[in-house]
file input-v4.cif (mmCIF, C-alpha atoms)
data_my_file
loop_
_atom_site.label_atom_id
_atom_site.label_comp_id
_atom_site.auth_asym_id
_atom_site.auth_seq_id
_atom_site.Cartn_x
_atom_site.Cartn_y
_atom_site.Cartn_z
CA MET A 1 68.59 73.66 78.10
CA SER A 2 66.80 77.00 78.31
CA ASN A 3 65.78 79.35 75.53
CA SER A 4 66.94 82.95 75.00
CA ASN A 5 64.63 84.13 77.80
CA GLY A 6 66.21 81.72 80.29
CA ASP A 7 63.05 79.57 80.61
CA PRO A 8 64.08 75.87 80.73
CA ASP A 9 60.51 74.72 80.00
CA ALA A 10 59.92 76.87 76.92
CA PRO A 11 60.82 75.52 73.45
CA ILE A 12 64.06 76.52 71.75
CA HIS A 13 63.24 78.81 68.81
CA ILE A 14 65.13 78.03 65.63
CA LEU A 15 65.02 80.21 62.50
CA TYR A 16 65.52 78.20 59.32
CA ILE A 17 66.52 80.35 56.33
CA ASP A 18 66.06 78.43 53.06
CA ASP A 19 64.08 78.88 49.85
CA ASP A 20 62.97 75.19 49.89
CA GLU A 21 59.57 75.04 51.55
CA GLY A 22 59.43 71.24 51.51
CA LEU A 23 62.70 70.95 53.41
CA ALA A 24 61.49 73.62 55.81
CA LEU A 25 58.42 71.48 56.62
CA LEU A 26 60.62 68.44 57.20
CA MET A 27 62.84 70.58 59.43
CA GLN A 28 59.86 71.73 61.50
CA LYS A 29 58.54 68.17 61.90
CA ASN A 30 61.83 66.48 62.84
CA LEU A 31 63.28 69.18 65.07
CA HIS A 32 59.95 69.53 66.90
CA GLN A 33 60.47 65.96 68.11
CA CYS A 34 63.82 67.09 69.59
CA GLY A 35 62.23 69.96 71.52
CA PHE A 36 62.83 72.76 68.99
CA SER A 37 60.30 75.19 67.57
CA VAL A 38 61.23 76.03 63.96
CA GLU A 39 60.24 79.18 62.07
CA TRP A 40 60.87 79.37 58.33
CA ALA A 41 62.15 82.34 56.35
CA GLU A 42 62.29 81.85 52.57
CA SER A 43 64.92 84.54 51.90
CA GLY A 44 67.80 86.36 53.49
CA ALA A 45 65.78 89.56 53.79
CA ALA A 46 62.88 87.75 55.47
CA GLY A 47 65.30 86.02 57.84
CA LEU A 48 67.01 89.27 58.83
CA ALA A 49 63.63 90.93 59.39
CA ARG A 50 62.54 88.08 61.65
CA LEU A 51 65.81 88.23 63.58
CA GLY A 52 65.18 91.90 64.19
CA GLY A 53 62.02 90.96 66.05
CA GLY A 54 63.97 88.95 68.63
CA GLY A 55 63.16 85.67 70.33
CA ILE A 56 65.36 83.49 68.10
CA ASP A 57 67.78 81.17 69.89
CA ALA A 58 69.68 79.72 66.93
CA ILE A 59 69.75 79.84 63.15
CA VAL A 60 70.11 77.19 60.46
CA LEU A 61 71.23 79.00 57.32
CA ASP A 62 71.17 77.34 53.90
CA HIS A 63 73.97 78.04 51.43
CA ILE A 64 71.97 78.27 48.15
CA LEU A 65 69.08 80.74 48.27
CA ALA A 66 66.97 82.09 45.41
CA ASP A 67 68.96 85.24 44.59
CA GLU A 68 71.97 84.95 46.93
CA THR A 69 73.98 82.62 49.10
CA GLY A 70 74.09 82.18 52.83
CA LEU A 71 77.57 83.70 52.75
CA ASP A 72 75.93 86.96 51.65
CA ILE A 73 73.59 86.86 54.65
CA LEU A 74 76.02 85.61 57.29
CA PRO A 75 77.94 88.93 57.72
CA CYS A 76 74.65 90.75 58.28
CA ILE A 77 73.72 88.28 61.02
CA MET A 78 77.16 88.60 62.63
CA ALA A 79 76.80 92.39 62.65
CA MET A 80 73.71 92.18 64.86
CA PRO A 81 74.35 92.69 68.58
CA ASP A 82 73.96 89.49 70.64
CA HIS A 83 73.22 87.50 67.50
CA PRO A 84 72.21 83.82 67.89
CA PRO A 85 74.60 81.03 66.86
CA VAL A 86 74.44 79.96 63.24
CA ILE A 87 74.63 76.43 61.81
CA TYR A 88 75.56 76.65 58.12
CA ALA A 89 73.95 73.98 55.91
CA THR A 90 74.61 73.09 52.28
CA GLY A 91 74.26 70.15 49.93
CA SER A 92 77.71 70.77 48.46
CA ASP A 93 80.73 68.85 49.72
CA ASP A 94 83.03 71.69 48.68
CA THR A 95 85.12 72.23 51.80
CA SER A 96 85.94 75.80 50.78
CA ILE A 97 82.30 76.71 51.54
CA ALA A 98 82.64 75.30 55.05
CA VAL A 99 85.87 77.19 55.61
CA ALA A 100 84.35 80.44 54.34
CA ALA A 101 81.27 80.02 56.56
CA LEU A 102 83.29 79.28 59.68
CA LYS A 103 85.61 82.21 59.01
CA ALA A 104 82.56 84.46 58.58
CA GLY A 105 81.32 83.50 62.07
CA ALA A 106 79.21 80.35 61.72
CA ASP A 107 79.34 78.10 64.80
CA ASP A 108 79.17 74.85 62.83
CA TYR A 109 78.73 73.40 59.36
CA MET A 110 76.40 70.61 58.18
CA LEU A 111 75.95 68.68 54.93
CA LYS A 112 72.24 68.82 54.12
CA GLY A 113 70.09 65.75 53.91
CA ILE A 114 66.55 64.50 54.49
CA SER A 115 67.27 61.38 56.53
CA ALA A 116 66.47 61.00 60.22
CA ASP A 117 70.20 60.83 60.91
CA TYR A 118 70.70 64.29 59.40
CA PHE A 119 68.11 65.85 61.66
CA ASP A 120 69.51 64.06 64.69
CA LEU A 121 72.99 65.39 63.87
CA LEU A 122 71.56 68.84 63.27
CA ALA A 123 69.76 68.76 66.63
CA ALA A 124 73.01 67.77 68.34
CA ALA A 125 74.88 70.56 66.53
CA LEU A 126 72.24 73.08 67.61
CA GLU A 127 72.47 71.95 71.23
CA GLN A 128 76.25 72.29 71.19
CA ALA A 129 76.06 75.72 69.54
CA LEU A 130 73.51 76.89 72.11
CA GLU A 131 75.72 75.59 74.94
CA ARG A 132 78.73 77.47 73.52
CA ALA A 133 76.61 80.62 73.17
CA ARG A 134 75.46 80.28 76.79
CA PHE A 135 79.06 79.88 77.92
CA ARG A 136 80.10 82.98 75.97
CA ARG A 137 77.26 85.00 77.51
CA GLU A 138 78.09 83.87 81.03
CA THR A 139 81.79 84.56 80.46
CA ALA A 140 81.02 88.04 79.13
CA GLN A 141 78.73 88.72 82.11
CA ALA A 142 81.40 87.53 84.55
CA GLN A 143 84.02 89.67 82.84
CA GLU A 144 81.70 92.68 83.05
CA VAL A 145 81.18 92.09 86.78
CA ILE A 146 84.95 91.82 87.24
CA ARG A 147 85.48 95.01 85.21
CA GLN A 148 82.93 96.89 87.30
CA GLN A 149 84.48 95.65 90.54
CA ARG A 150 87.95 96.58 89.29
CA ASP A 151 86.79 100.06 88.31
CA LEU A 152 85.18 100.51 91.72
CA ALA A 153 88.34 99.31 93.49
CA GLU A 154 90.49 101.66 91.41
CA MET A 155 88.15 104.56 92.15
CA LEU A 156 88.26 103.82 95.89
CA LEU A 157 92.05 103.45 95.79
CA ALA A 158 92.37 106.75 93.95
CA GLU A 159 90.22 108.39 96.63
CA VAL A 160 92.43 106.87 99.35
CA ASN A 161 95.57 108.20 97.64
CA HIS A 162 93.90 111.61 97.27
CA ARG A 163 93.05 111.73 100.96
CA ILE A 164 96.52 110.55 102.00
CA ALA A 165 98.16 113.19 99.78
CA ASN A 166 95.88 115.88 101.24
CA SER A 167 96.55 114.73 104.81
CA LEU A 168 100.31 114.71 104.26
CA GLY A 169 100.04 118.13 102.65
CA LEU A 170 98.23 119.37 105.76
CA VAL A 171 100.98 117.93 107.99
CA GLY A 172 103.57 119.67 105.83
CA ALA A 173 101.70 122.96 106.14
CA LEU A 174 101.54 122.62 109.93
CA ILE A 175 105.28 122.00 110.04
CA ARG A 176 105.85 125.05 107.84
CA MET A 177 103.73 127.16 110.21
CA GLN A 178 105.68 125.85 113.19
CA SER A 179 108.93 126.66 111.41
CA SER A 180 107.82 130.24 110.79
CA MET A 181 107.23 130.71 114.53
CA THR A 182 110.66 129.36 115.52
CA THR A 183 113.81 131.48 115.84
CA ASP A 184 116.29 128.64 116.44
CA GLN A 185 117.98 128.05 113.08
CA VAL A 186 118.82 124.42 113.92
CA ALA A 187 115.15 123.75 114.66
CA ILE A 188 114.10 125.61 111.51
CA ASP A 189 116.44 123.50 109.37
CA ALA A 190 115.25 120.28 111.04
CA LEU A 191 111.60 121.18 110.45
CA HIS A 192 112.34 122.13 106.86
CA GLU A 193 114.00 118.77 106.21
CA THR A 194 111.10 116.95 107.86
CA GLN A 195 108.71 118.83 105.60
CA MET A 196 110.69 117.75 102.53
CA ARG A 197 110.63 114.10 103.64
CA ILE A 198 106.86 114.27 104.07
CA ASN A 199 106.58 115.85 100.64
CA ALA A 200 108.59 112.98 99.11
CA ILE A 201 105.93 110.57 100.38
CA ALA A 202 102.98 112.81 99.50
CA SER A 203 104.26 113.19 95.93
CA VAL A 204 103.90 109.45 95.37
CA HIS A 205 100.25 109.49 96.46
CA ARG A 206 99.53 112.60 94.37
CA ARG A 207 100.94 110.84 91.30
CA LEU A 208 98.95 107.67 92.03
CA TYR A 209 95.80 109.78 92.30
CA THR A 210 96.30 112.04 89.29
CA ASN A 211 97.48 109.26 86.95
CA ARG A 212 94.96 106.67 88.23
CA GLN A 213 97.81 104.22 88.66
CA VAL A 214 97.44 101.13 90.82
CA GLY A 215 100.39 99.76 92.73
CA SER A 216 103.19 101.30 90.68
CA VAL A 217 104.65 104.68 89.73
CA GLN A 218 106.77 105.75 86.79
CA VAL A 219 110.08 106.65 88.39
CA ASP A 220 111.26 109.32 85.93
CA GLU A 221 108.02 111.32 86.17
CA TYR A 222 107.91 111.03 89.95
CA LEU A 223 111.54 112.10 90.46
CA ASN A 224 111.14 114.97 88.02
CA SER A 225 108.21 116.30 90.04
CA LEU A 226 109.94 115.67 93.38
CA LEU A 227 113.25 117.26 92.39
CA THR A 228 111.53 120.26 90.82
CA GLU A 229 109.76 120.93 94.14
CA LEU A 230 112.95 120.25 96.08
CA GLU A 231 115.00 122.70 94.01
CA ALA A 232 112.31 125.37 94.28
CA SER A 233 112.25 124.89 98.05
CA MET A 234 116.01 124.95 98.66
CA ARG A 235 117.43 127.21 95.97
CA ASP A 236 118.27 130.73 97.10
CA ASP A 237 121.13 133.26 96.87
CA LYS A 238 123.18 131.24 99.32
CA ARG A 239 122.58 127.97 97.46
CA PRO A 240 122.06 128.82 93.76
CA HIS A 241 122.33 125.20 92.65
CA ARG A 242 120.62 123.27 89.84
CA ILE A 243 119.37 119.69 89.89
CA VAL A 244 119.72 117.77 86.61
CA LEU A 245 117.75 114.53 86.25
CA THR A 246 118.54 111.83 83.69
CA ALA A 247 116.19 108.90 84.11
CA GLN A 248 114.76 106.04 82.12
CA ALA A 249 111.04 105.37 82.15
CA VAL A 250 110.73 102.58 84.72
CA ASN A 251 107.60 101.51 86.60
CA LEU A 252 108.28 100.67 90.21
CA ALA A 253 106.10 99.36 93.03
CA THR A 254 104.67 102.09 95.24
CA ASP A 255 106.50 101.07 98.43
CA LYS A 256 109.84 101.00 96.61
CA VAL A 257 109.16 104.39 95.02
CA ILE A 258 108.48 105.96 98.42
CA THR A 259 111.72 104.53 99.78
CA LEU A 260 113.65 105.63 96.70
CA GLY A 261 112.16 109.13 96.95
CA LEU A 262 113.30 109.46 100.55
CA ILE A 263 116.83 108.33 99.65
CA VAL A 264 117.14 110.68 96.69
CA SER A 265 115.65 113.53 98.72
CA GLU A 266 118.22 113.00 101.50
CA LEU A 267 121.17 112.81 99.11
CA VAL A 268 120.12 115.87 97.11
CA THR A 269 119.42 117.84 100.28
CA ASN A 270 122.89 116.99 101.58
CA ALA A 271 124.42 118.09 98.29
CA PHE A 272 122.50 121.35 98.39
CA LYS A 273 123.67 122.05 101.94
CA TYR A 274 127.29 120.90 101.89
CA ALA A 275 128.69 120.31 98.40
CA TYR A 276 129.47 123.87 97.33
CA PRO A 277 130.60 127.03 99.12
CA ASP A 278 127.98 129.65 99.93
CA SER A 279 126.78 131.65 96.90
CA VAL A 280 128.77 129.45 94.49
CA PRO A 281 126.45 127.77 91.98
CA GLY A 282 126.82 124.06 91.41
CA GLU A 283 125.15 121.17 89.63
CA ILE A 284 123.61 118.17 91.38
CA ARG A 285 122.98 115.25 89.05
CA VAL A 286 120.51 112.43 89.58
CA ILE A 287 120.87 109.50 87.18
CA VAL A 288 118.52 106.53 86.99
CA ASP A 289 119.18 103.63 84.64
CA GLN A 290 117.88 100.10 84.40
CA THR A 291 119.56 96.81 83.70
CA GLU A 292 117.66 93.60 83.05
CA GLU A 293 117.50 92.74 86.74
CA ALA A 294 118.20 95.92 88.70
CA LEU A 295 117.74 99.68 89.00
CA ARG A 296 120.77 101.89 89.57
CA VAL A 297 120.40 105.37 91.02
CA ILE A 298 123.30 107.82 91.21
CA VAL A 299 123.34 111.18 92.99
CA GLU A 300 126.54 113.13 92.35
CA ASP A 301 128.04 116.61 92.45
CA ASP A 302 131.37 118.28 91.72
CA GLY A 303 131.75 119.87 95.14
CA ALA A 304 133.97 119.49 98.15
CA GLY A 305 133.52 115.74 98.53
CA PHE A 306 132.30 113.65 101.43
CA ASP A 307 134.03 111.19 103.74
CA PRO A 308 131.43 108.71 105.07
CA SER A 309 133.67 107.96 108.07
CA SER A 310 133.81 111.58 109.18
CA PRO A 311 131.50 112.89 111.95
CA ALA A 312 128.04 114.02 110.88
CA ARG A 313 127.77 117.72 110.13
CA GLY A 314 124.23 117.91 111.44
CA THR A 315 122.16 115.70 113.71
CA GLY A 316 123.08 112.53 111.80
CA LEU A 317 119.39 111.73 111.25
CA GLY A 318 119.81 111.91 107.47
CA THR A 319 122.53 109.27 107.54
CA ARG A 320 120.39 106.98 109.69
CA ILE A 321 117.46 107.43 107.30
CA LEU A 322 119.68 106.60 104.31
CA THR A 323 120.98 103.47 106.00
CA ALA A 324 117.51 102.28 106.98
CA MET A 325 115.93 103.03 103.60
CA ALA A 326 118.78 101.38 101.65
CA ALA A 327 118.45 98.29 103.86
CA SER A 328 114.68 98.12 103.28
CA LEU A 329 115.33 97.97 99.52
CA LYS A 330 117.92 95.21 100.05
CA SER A 331 120.21 97.41 98.01
CA ASP A 332 123.90 97.96 97.53
CA PHE A 333 124.62 101.54 98.64
CA ALA A 334 128.08 103.09 98.50
CA TYR A 335 130.00 106.31 98.00
CA ASP A 336 132.64 106.45 95.25
CA PRO A 337 135.92 107.58 96.87
CA GLY A 338 137.52 108.22 93.49
CA HIS A 339 134.93 110.71 92.32
CA ASP A 340 135.90 114.40 92.22
CA GLY A 341 133.12 115.55 94.52
CA THR A 342 130.49 113.28 96.04
CA LYS A 343 128.97 110.33 94.23
CA ALA A 344 126.51 107.98 95.92
CA THR A 345 125.27 104.88 94.07
CA LEU A 346 122.26 102.77 94.98
CA VAL A 347 121.56 99.46 93.20
CA PHE A 348 118.60 97.21 93.97
CA SER A 349 116.64 94.42 92.33
CA LEU A 350 113.52 95.19 90.35
CA HIS A 351 112.04 91.84 91.26
CA GLU A 352 110.21 91.16 94.48
CA GLY A 353 112.00 89.02 96.99
CA LYS A 354 115.46 89.52 95.47
#

call {"tool": "encode", "arguments": {"input": "input-v4.cif", "output": "structure tokens"}}
result
Amino acid sequence: MSNSNGDPDAPIHILYIDDDEGLALLMQKNLHQCGFSVEWAESGAAGLARLGGGGIDAIVLDHILADETGLDILPCIMAMPDHPPVIYATGSDDTSIAVAALKAGADDYMLKGISADYFDLLAAALEQALERARFRRETAQAQEVIRQQRDLAEMLLAEVNHRIANSLGLVGALIRMQSSMTTDQVAIDALHETQMRINAIASVHRRLYTNRQVGSVQVDEYLNSLLTELEASMRDDKRPHRIVLTAQAVNLATDKVITLGLIVSELVTNAFKYAYPDSVPGEIRVIVDQTEEALRVIVEDDGAGFDPSSPARGTGLGTRILTAMAASLKSDFAYDPGHDGTKATLVFSLHEGK
């Protein structure tokens, strides 16, 4: 067993705090034979002063001192950073003293004596206390290493998310520039929708970066940000619609959030384009609620309605994206034929592998 400096060959330094000099001499003699070096402090103040100098591996603290008890000194020892373990010793068999000492932070409790057996038991108690203290130190050091590695990993992940968000933003800007140089309205609309899909993915990485989240995103905050940008992008005199979000605070894995964002973006975009006549304002509602096992997402409007079996009004890419994304979530996706307007409902498990 090594001392506080980690030297296995150096003696273990014990501080004995007691006002009985004779017992202190016996302590020094008997514990020396067990490989301990014992220093004596005749009062609590002297003991605390010696502790402040460092180099003490363990403490034996007597209960009855000249003007105080060990229970008065024990809290002061416990308040010291990296304090040594304390063995509390008393001649009283009052168990309430033992309980009070252990509650105050003592590692062990001993009934005082002057026999060889007492010193052997005390030496064993000191060895066990020192072993527990070593284990606590090593555990704390390991936890600190883990914490530092975790912080580094989170910092690197945040940087990755930042770079991804910036790269996707650059792609979106290039698409916007291409759109501005195109006169074909079909191509312009297709590029615009592509830009919005890219933005749905970029928004996840921006949220992961700004909130320093790892592996999950809060759905209500993400959708609020996404739908705010989507409304600002699509709303004009021809489509003066409003998006209303009602969502519970649910944390969802990043890959599922990206997929969900693409689905919601497609459904809301379709509602913006086709639900209401030109220049007629309408409301598009997005509702997210959670059951014990699943997340349900509803996108609905009060417009002209939609027949899933009818031919696609555009290229049909949006429908293929919806089908693929819903399948990747292993979700139930359906339109409500009884709704006055269009109502799409998506339900999927919150648990992996279900």

call {"tool": "residues_near_point", "arguments": {"input": "input-v4.cif", "point": "(78.1, 78.4, 69.7)", "cutoff": "10 Å", "atoms": "only C-alpha atoms", "output": "ChimeraX atom specification"}}
result
/A:58,84-87,105-108,125-136

call {"tool": "atom_distance", "arguments": {"input": "input-v4.cif", "atom1": "CA of Met325 (chain A)", "atom2": "CA of Ala294 (chain A)"}}
result
16.7 Å

call {"tool": "closest_residue", "arguments": {"input": "input-v4.cif", "among": "A:Ser37, A:Thr269, A:Ser349, A:Thr319", "to": "Gln290 (chain A)", "atoms": "only C-alpha atoms"}}
result
A:Ser349

call {"tool": "residues_near_point", "arguments": {"input": "input-v4.cif", "point": "(74.0, 65.7, 52.9)", "cutoff": "9 Å", "atoms": "all atoms listed in the file", "output": "ChimeraX atom specification"}}
result
/A:89-93,110-115,118

call {"tool": "axis_aligned_box", "arguments": {"input": "input-v4.cif", "around": "region 265-272 of chain A", "padding_each_side": "3 Å", "output": "AutoDock Vina command-line options"}}
result
--center_x 120.0 --center_y 117.1 --center_z 99.3 --size_x 14.8 --size_y 14.5 --size_z 10.5

call {"tool": "closest_residue", "arguments": {"input": "input-v4.cif", "among": "A:Asn224, A:Thr259, A:Gln185, A:Thr291", "to": "Thr323 (chain A)", "atoms": "only C-alpha atoms"}}
result
A:Thr259

call {"tool": "resolve_selection", "arguments": {"input": "input-v4.cif", "expression": "the PyMOL selection byres ((chain A and resi 237) around 12)", "output": "PyMOL selection string"}}
result
chain A and resi 234-236+238-241+277-281

call {"tool": "resolve_selection", "arguments": {"input": "input-v4.cif", "expression": "the PyMOL selection byres ((chain A and resi 187-203) around 8)", "output": "list in words"}}
result
Ile164, Ala165, Asn166, Leu168, Gly169, Val171, Gly172, Ile175, Arg176, Ser179, Ser180, Thr182, Thr183, Asp184, Gln185, Val186, Val204, His205, Arg206, Arg207, Tyr222, Ser225, Leu226, Leu230, Ile258, Gly261, Leu262, Ser265 and Glu266 of chain A

call {"tool": "closest_residue", "arguments": {"input": "input-v4.cif", "among": "A:Asp72, A:Asp302, A:Asp82, A:Glu292", "to": "Ala45 (chain A)", "atoms": "only C-alpha atoms"}}
result
A:Asp72

call {"tool": "resolve_selection", "arguments": {"input": "input-v4.cif", "expression": "the PyMOL selection byres ((chain A and resi 47-54) around 12)", "output": "VMD selection string"}}
result
chain A and resid 3 to 5 13 to 19 39 to 46 55 to 62 65 70 72 to 86

call {"tool": "atom_distance", "arguments": {"input": "input-v4.cif", "atom1": "CA of Asp307 (chain A)", "atom2": "CA of Arg242 (chain A)"}}
result
22.8 Å

call {"tool": "residues_around", "arguments": {"input": "input-v4.cif", "residues": "Glu300 (chain A)", "least_positions_apart": "3", "cutoff": "6 Å", "atoms": "all atoms listed in the file", "output": "list in words"}}
result
Ile284, Arg285, Thr342 and Lys343 of chain A

call {"tool": "atom_distance", "arguments": {"input": "input-v4.cif", "atom1": "CA of Arg296 (chain A)", "atom2": "CA of Val347 (chain A)"}}
result
4.4 Å

call {"tool": "residues_around", "arguments": {"input": "input-v4.cif", "residues": "His351 (chain A)", "least_positions_apart": "6", "cutoff": "10 Å", "atoms": "all atoms listed in the file", "output": "PyMOL selection string"}}
result
chain A and resi 252-253+293-295

call {"tool": "closest_residue", "arguments": {"input": "input-v4.cif", "among": "A:Ala104, A:Val99, A:Met155, A:Leu121", "to": "Asn30 (chain A)", "atoms": "all atoms listed in the file"}}
result
A:Leu121

call {"tool": "residues_around", "arguments": {"input": "input-v4.cif", "residues": "Ala334 (chain A)", "least_positions_apart": "6", "cutoff": "9 Å", "atoms": "only C-alpha atoms", "output": "list of chain:residue names"}}
result
A:Lys343, A:Ala344, A:Thr345, A:Leu346

call {"tool": "closest_residue", "arguments": {"input": "input-v4.cif", "among": "A:Ala324, A:Ala232, A:Leu223, A:Ala24", "to": "Val288 (chain A)", "atoms": "all atoms listed in the file"}}
result
A:Leu223
